[in-house]
Amino acid sequence: MTEERFKTLDENEIVKRARDGDEKAFEYIVKKYQNKVANLIFKIIGDQDIVEDLTQEVFLRVMESLKDYKFGSAIYTWIYRITVNICIDEIRKRQRSRAFSLDNIVSQNPKSEPSYSPVEKTFERREMREIIENAISKLPAEYKTVIVLREFEDLSYEEIAKILKIRIGTVKSRIFRARKLLAEYLKEYKELLK
Amino acid sequence: MKHNKIKKLVSEYIDGELKKHTDFIENHLKLCDECSQLVKVHKLVKATLKENSVEVSPYLFARIQAQLKERKTQQTFWDYAINFSKELAFALILLLFILLGFELISNRGSFKVEDVILNETPAVHKIISSNENLSKEEILELTLSNGGKNGK
């Protein structure tokens, strides 16, 4: 019902309505982007246990900062920016409290992840995925963020630059460095890189 | 071209963001293992990241709504507390100004005790202003006549 009402509307109009207190408009925005936001968080943080809470935090912040939204940029750019900022805050918080252990993430992932796709029923495939996930989790937060936005979200350099509020040149070099680091981390698994 | 520069171009080529030198990069990739590894890393990372996805609970929006209401209630309390503090501070400042005003007005109507004494006792005034040039007799006479105020 809600979807039908807003499907024909321009997204800026929906944002305006949400800003003016239309709860249904805000619900439409949440439901449209909630899984995208949740997956982005999952890919950047690598811990499913916190995905729901952080997704909630993203939309609370979206709602609270609707009054500051500038209608020039696409809404997903703005929502993703809030998401990335929350993820970086979370990573830093974990690093500060020293509760963020890479070993933890790797050991948490198998129990918290959703079911595997049919092609990865073999142990080797699962093991390979764990190795790559481990390598991704070792990346510094700013490299991890760009690589997730590029490889998972398929965003262009320009879109990534807008989300992170950095220059396209910086996006290019961060992606390049992230790949170089990943190749470093995966060097010992020669059969993977054959 | 230096190999590090070529590697950067390979990364852009992978992402379809390279506008020039694409033929050169394609040829280079056939020969260079190090750069081919970057392509392999990209494919592996992309495939791994795409494999799993999560879905939020259907109650997420309800939770967000509840949280927003809670924050609004808290905000209302704090708004009230802040407004009350502002009003209290304003009232205290106003009271302070009123008290200062009273003090100023009462000071204007006040008088110096020594001035009154000197006015009422010209003998003392004259003795003090004589700079000790008066004799004992003159002082005695002034005191008895109260500086001439008694009509002597």
# chains A, B, ... in the order shown; residues from 1 in each chain; ligands from 1
call {"tool": "interface_residues", "arguments": {"of": "chain B", "to": "chain A", "cutoff": "10 Å", "atoms": "only C-alpha atoms", "output": "ChimeraX atom specification"}}
result
/B:7-12,15-17,33-58,60-65,67-68,71
call {"tool": "write_last_selection", "arguments": {"atoms": "C-alpha atoms", "output": "PDB file, in the first residue's frame"}}
result
ATOM      1  CA  LYS B   7      49.777  -1.459 -12.149  1.00  0.00           C
ATOM      2  CA  LYS B   8      47.681   1.602 -11.291  1.00  0.00           C
ATOM      3  CA  LEU B   9      46.349   1.639 -14.844  1.00  0.00           C
ATOM      4  CA  VAL B  10      45.566  -2.077 -14.552  1.00  0.00           C
ATOM      5  CA  SER B  11      43.431  -1.314 -11.506  1.00  0.00           C
ATOM      6  CA  GLU B  12      41.532   1.344 -13.480  1.00  0.00           C
ATOM      7  CA  ASP B  15      37.061  -1.177 -13.088  1.00  0.00           C
ATOM      8  CA  GLY B  16      36.307  -0.078 -16.642  1.00  0.00           C
ATOM      9  CA  GLU B  17      37.467   3.432 -15.777  1.00  0.00           C
ATOM     10  CA  ASP B  33      52.080 -12.294 -13.724  1.00  0.00           C
ATOM     11  CA  GLU B  34      52.075  -9.593 -11.047  1.00  0.00           C
ATOM     12  CA  CYS B  35      49.434  -7.558 -12.857  1.00  0.00           C
ATOM     13  CA  SER B  36      47.420 -10.646 -13.747  1.00  0.00           C
ATOM     14  CA  GLN B  37      47.275 -11.347 -10.025  1.00  0.00           C
ATOM     15  CA  LEU B  38      45.541  -7.993  -9.503  1.00  0.00           C
ATOM     16  CA  VAL B  39      42.859  -9.102 -11.954  1.00  0.00           C
ATOM     17  CA  LYS B  40      42.549 -12.420 -10.157  1.00  0.00           C
ATOM     18  CA  VAL B  41      42.307 -10.657  -6.764  1.00  0.00           C
ATOM     19  CA  HIS B  42      39.573  -8.424  -8.144  1.00  0.00           C
ATOM     20  CA  LYS B  43      37.595 -11.422  -9.442  1.00  0.00           C
ATOM     21  CA  LEU B  44      37.962 -13.351  -6.179  1.00  0.00           C
ATOM     22  CA  VAL B  45      37.036 -10.381  -3.990  1.00  0.00           C
ATOM     23  CA  LYS B  46      34.072  -9.464  -6.150  1.00  0.00           C
ATOM     24  CA  ALA B  47      32.781 -13.041  -6.176  1.00  0.00           C
ATOM     25  CA  THR B  48      33.270 -13.410  -2.416  1.00  0.00           C
ATOM     26  CA  LEU B  49      31.577 -10.131  -1.559  1.00  0.00           C
ATOM     27  CA  LYS B  50      28.651 -10.909  -3.860  1.00  0.00           C
ATOM     28  CA  GLU B  51      28.125 -14.406  -2.468  1.00  0.00           C
ATOM     29  CA  ASN B  52      26.510 -13.651   0.852  1.00  0.00           C
ATOM     30  CA  SER B  53      23.849 -11.206   1.609  1.00  0.00           C
ATOM     31  CA  VAL B  54      21.870 -10.416   4.710  1.00  0.00           C
ATOM     32  CA  GLU B  55      18.282  -9.375   5.156  1.00  0.00           C
ATOM     33  CA  VAL B  56      17.020  -7.256   7.999  1.00  0.00           C
ATOM     34  CA  SER B  57      14.149  -8.396  10.163  1.00  0.00           C
ATOM     35  CA  PRO B  58      10.671  -7.339   9.005  1.00  0.00           C
ATOM     36  CA  LEU B  60      13.192  -3.114  11.668  1.00  0.00           C
ATOM     37  CA  PHE B  61      10.962  -0.169  10.789  1.00  0.00           C
ATOM     38  CA  ALA B  62       8.834  -0.745  13.905  1.00  0.00           C
ATOM     39  CA  ARG B  63      12.012  -0.731  15.992  1.00  0.00           C
ATOM     40  CA  ILE B  64      13.152   2.484  14.327  1.00  0.00           C
ATOM     41  CA  GLN B  65       9.770   4.086  15.017  1.00  0.00           C
ATOM     42  CA  GLN B  67      13.434   4.373  18.992  1.00  0.00           C
ATOM     43  CA  LEU B  68      12.434   7.671  17.378  1.00  0.00           C
ATOM     44  CA  ARG B  71      14.381   9.822  21.567  1.00  0.00           C
TER      45      ARG B  71
END
call {"tool": "residues_around", "arguments": {"residues": "Leu164 (chain A)", "least_positions_apart": "5", "cutoff": "10 Å", "atoms": "only C-alpha atoms", "output": "PyMOL selection string"}}
result
chain A and resi 77-78+80-82+84-85+142+145-146+159+171
call {"tool": "select_by_dssp", "arguments": {"residues": "chain B", "states": "alpha helix (DSSP H)", "output": "VMD selection string"}}
result
chain B and resid 3 to 14 22 to 31 33 to 51 60 to 108 113 to 120 122 to 129 136 to 144
call {"tool": "residues_around", "arguments": {"residues": "Glu13 (chain A)", "least_positions_apart": "4", "cutoff": "12 Å", "atoms": "only C-alpha atoms", "output": "list of chain:residue names"}}
result
A:Phe6, A:Lys7, A:Thr8, A:Leu9, A:Arg17, A:Ala18, A:Arg19, A:Asp20, A:Asp22, A:Ala25, A:Phe26, A:Tyr28, A:Ile29, A:Phe71, A:Ile75
call {"tool": "write_last_selection", "arguments": {"atoms": "all heavy atoms", "output": "short mmCIF file (atom, residue, chain, number, x, y, z; two decimals), in the first residue's frame"}}
result
data_model
loop_
_atom_site.label_atom_id
_atom_site.label_comp_id
_atom_site.auth_asym_id
_atom_site.auth_seq_id
_atom_site.Cartn_x
_atom_site.Cartn_y
_atom_site.Cartn_z
N PHE A 6 3.97 5.73 -3.23
CA PHE A 6 5.19 6.51 -3.46
C PHE A 6 5.96 6.13 -4.72
O PHE A 6 6.86 6.86 -5.11
CB PHE A 6 6.11 6.38 -2.24
CG PHE A 6 5.56 7.05 -1.02
CD1 PHE A 6 4.99 6.31 0.00
CD2 PHE A 6 5.57 8.44 -0.90
CE1 PHE A 6 4.47 6.92 1.12
CE2 PHE A 6 5.04 9.07 0.21
CZ PHE A 6 4.49 8.31 1.23
N LYS A 7 5.58 5.00 -5.32
CA LYS A 7 6.32 4.52 -6.49
C LYS A 7 6.35 5.55 -7.62
O LYS A 7 7.34 5.64 -8.33
CB LYS A 7 5.72 3.21 -6.99
CG LYS A 7 6.64 2.02 -6.70
CD LYS A 7 6.03 0.75 -7.19
CE LYS A 7 6.89 -0.43 -6.78
NZ LYS A 7 6.23 -1.70 -7.05
N THR A 8 5.27 6.27 -7.78
CA THR A 8 5.17 7.21 -8.88
C THR A 8 5.82 8.56 -8.55
O THR A 8 6.01 9.39 -9.43
CB THR A 8 3.69 7.46 -9.23
OG1 THR A 8 3.00 7.81 -8.02
CG2 THR A 8 3.04 6.23 -9.85
N LEU A 9 6.16 8.73 -7.29
CA LEU A 9 6.72 10.03 -6.88
C LEU A 9 8.22 10.10 -7.07
O LEU A 9 8.92 9.09 -6.99
CB LEU A 9 6.41 10.29 -5.40
CG LEU A 9 4.99 10.71 -5.02
CD1 LEU A 9 4.89 10.85 -3.52
CD2 LEU A 9 4.61 12.03 -5.69
N ARG A 17 8.54 14.99 1.89
CA ARG A 17 7.39 14.58 2.71
C ARG A 17 7.84 13.98 4.04
O ARG A 17 7.25 14.24 5.08
CB ARG A 17 6.53 13.57 1.94
CG ARG A 17 5.80 14.23 0.78
CD ARG A 17 4.82 13.27 0.18
NE ARG A 17 4.21 13.87 -1.00
CZ ARG A 17 3.16 13.38 -1.60
NH1 ARG A 17 2.59 12.29 -1.15
NH2 ARG A 17 2.66 13.97 -2.67
N ALA A 18 8.89 13.16 3.96
CA ALA A 18 9.41 12.54 5.19
C ALA A 18 9.90 13.63 6.14
O ALA A 18 9.67 13.58 7.34
CB ALA A 18 10.54 11.58 4.85
N ARG A 19 10.58 14.62 5.56
CA ARG A 19 11.10 15.74 6.37
C ARG A 19 9.96 16.52 7.03
O ARG A 19 10.08 16.98 8.15
CB ARG A 19 11.92 16.67 5.48
CG ARG A 19 12.76 17.67 6.23
CD ARG A 19 13.45 18.62 5.31
NE ARG A 19 12.48 19.31 4.44
CZ ARG A 19 12.82 20.13 3.47
NH1 ARG A 19 14.09 20.32 3.19
NH2 ARG A 19 11.92 20.73 2.73
N ASP A 20 8.83 16.59 6.31
CA ASP A 20 7.67 17.32 6.86
C ASP A 20 6.84 16.48 7.82
O ASP A 20 5.75 16.89 8.23
CB ASP A 20 6.79 17.85 5.72
CG ASP A 20 7.52 18.89 4.88
OD1 ASP A 20 8.52 19.42 5.37
OD2 ASP A 20 7.11 19.14 3.73
N ASP A 22 5.78 13.12 7.30
CA ASP A 22 4.97 12.03 6.73
C ASP A 22 5.67 10.69 7.06
O ASP A 22 6.70 10.35 6.46
CB ASP A 22 4.85 12.23 5.22
CG ASP A 22 3.92 11.20 4.57
OD1 ASP A 22 3.70 10.11 5.16
OD2 ASP A 22 3.42 11.48 3.45
N ALA A 25 6.16 8.19 4.21
CA ALA A 25 7.25 8.52 3.29
C ALA A 25 8.57 8.03 3.86
O ALA A 25 9.39 7.44 3.14
CB ALA A 25 7.29 10.03 3.06
N PHE A 26 8.75 8.21 5.16
CA PHE A 26 9.98 7.74 5.81
C PHE A 26 10.03 6.21 5.77
O PHE A 26 11.09 5.62 5.51
CB PHE A 26 10.05 8.27 7.25
CG PHE A 26 11.29 7.85 7.97
CD1 PHE A 26 12.55 8.13 7.45
CD2 PHE A 26 11.22 7.15 9.17
CE1 PHE A 26 13.70 7.74 8.11
CE2 PHE A 26 12.37 6.75 9.83
CZ PHE A 26 13.61 7.05 9.31
N TYR A 28 8.80 4.31 3.52
CA TYR A 28 9.14 3.93 2.15
C TYR A 28 10.66 3.99 1.94
O TYR A 28 11.25 3.07 1.38
CB TYR A 28 8.42 4.86 1.16
CG TYR A 28 8.75 4.58 -0.28
CD1 TYR A 28 8.12 3.53 -0.97
CD2 TYR A 28 9.71 5.33 -0.96
CE1 TYR A 28 8.44 3.25 -2.29
CE2 TYR A 28 10.03 5.06 -2.29
CZ TYR A 28 9.39 4.02 -2.94
OH TYR A 28 9.71 3.74 -4.25
N ILE A 29 11.25 5.07 2.43
CA ILE A 29 12.71 5.23 2.29
C ILE A 29 13.43 4.09 3.03
O ILE A 29 14.34 3.46 2.49
CB ILE A 29 13.18 6.61 2.82
CG1 ILE A 29 12.60 7.73 1.97
CG2 ILE A 29 14.70 6.71 2.87
CD1 ILE A 29 12.78 9.13 2.55
N PHE A 71 19.21 18.71 -1.55
CA PHE A 71 18.51 17.99 -2.61
C PHE A 71 19.31 17.84 -3.91
O PHE A 71 18.85 17.22 -4.83
CB PHE A 71 17.15 18.65 -2.87
CG PHE A 71 16.17 18.36 -1.75
CD1 PHE A 71 16.05 19.22 -0.68
CD2 PHE A 71 15.42 17.20 -1.76
CE1 PHE A 71 15.19 18.95 0.37
CE2 PHE A 71 14.55 16.92 -0.71
CZ PHE A 71 14.43 17.80 0.35
N ILE A 75 19.69 10.51 -3.13
CA ILE A 75 19.46 10.12 -1.71
C ILE A 75 20.33 8.93 -1.30
O ILE A 75 20.81 8.88 -0.17
CB ILE A 75 17.96 9.86 -1.42
CG1 ILE A 75 17.79 9.66 0.09
CG2 ILE A 75 17.38 8.73 -2.23
CD1 ILE A 75 16.40 9.76 0.58
#
call {"tool": "atom_distance", "arguments": {"atom1": "CA of Gly169 (chain A)", "atom2": "CA of Ser137 (chain A)"}}
result
23.7 Å
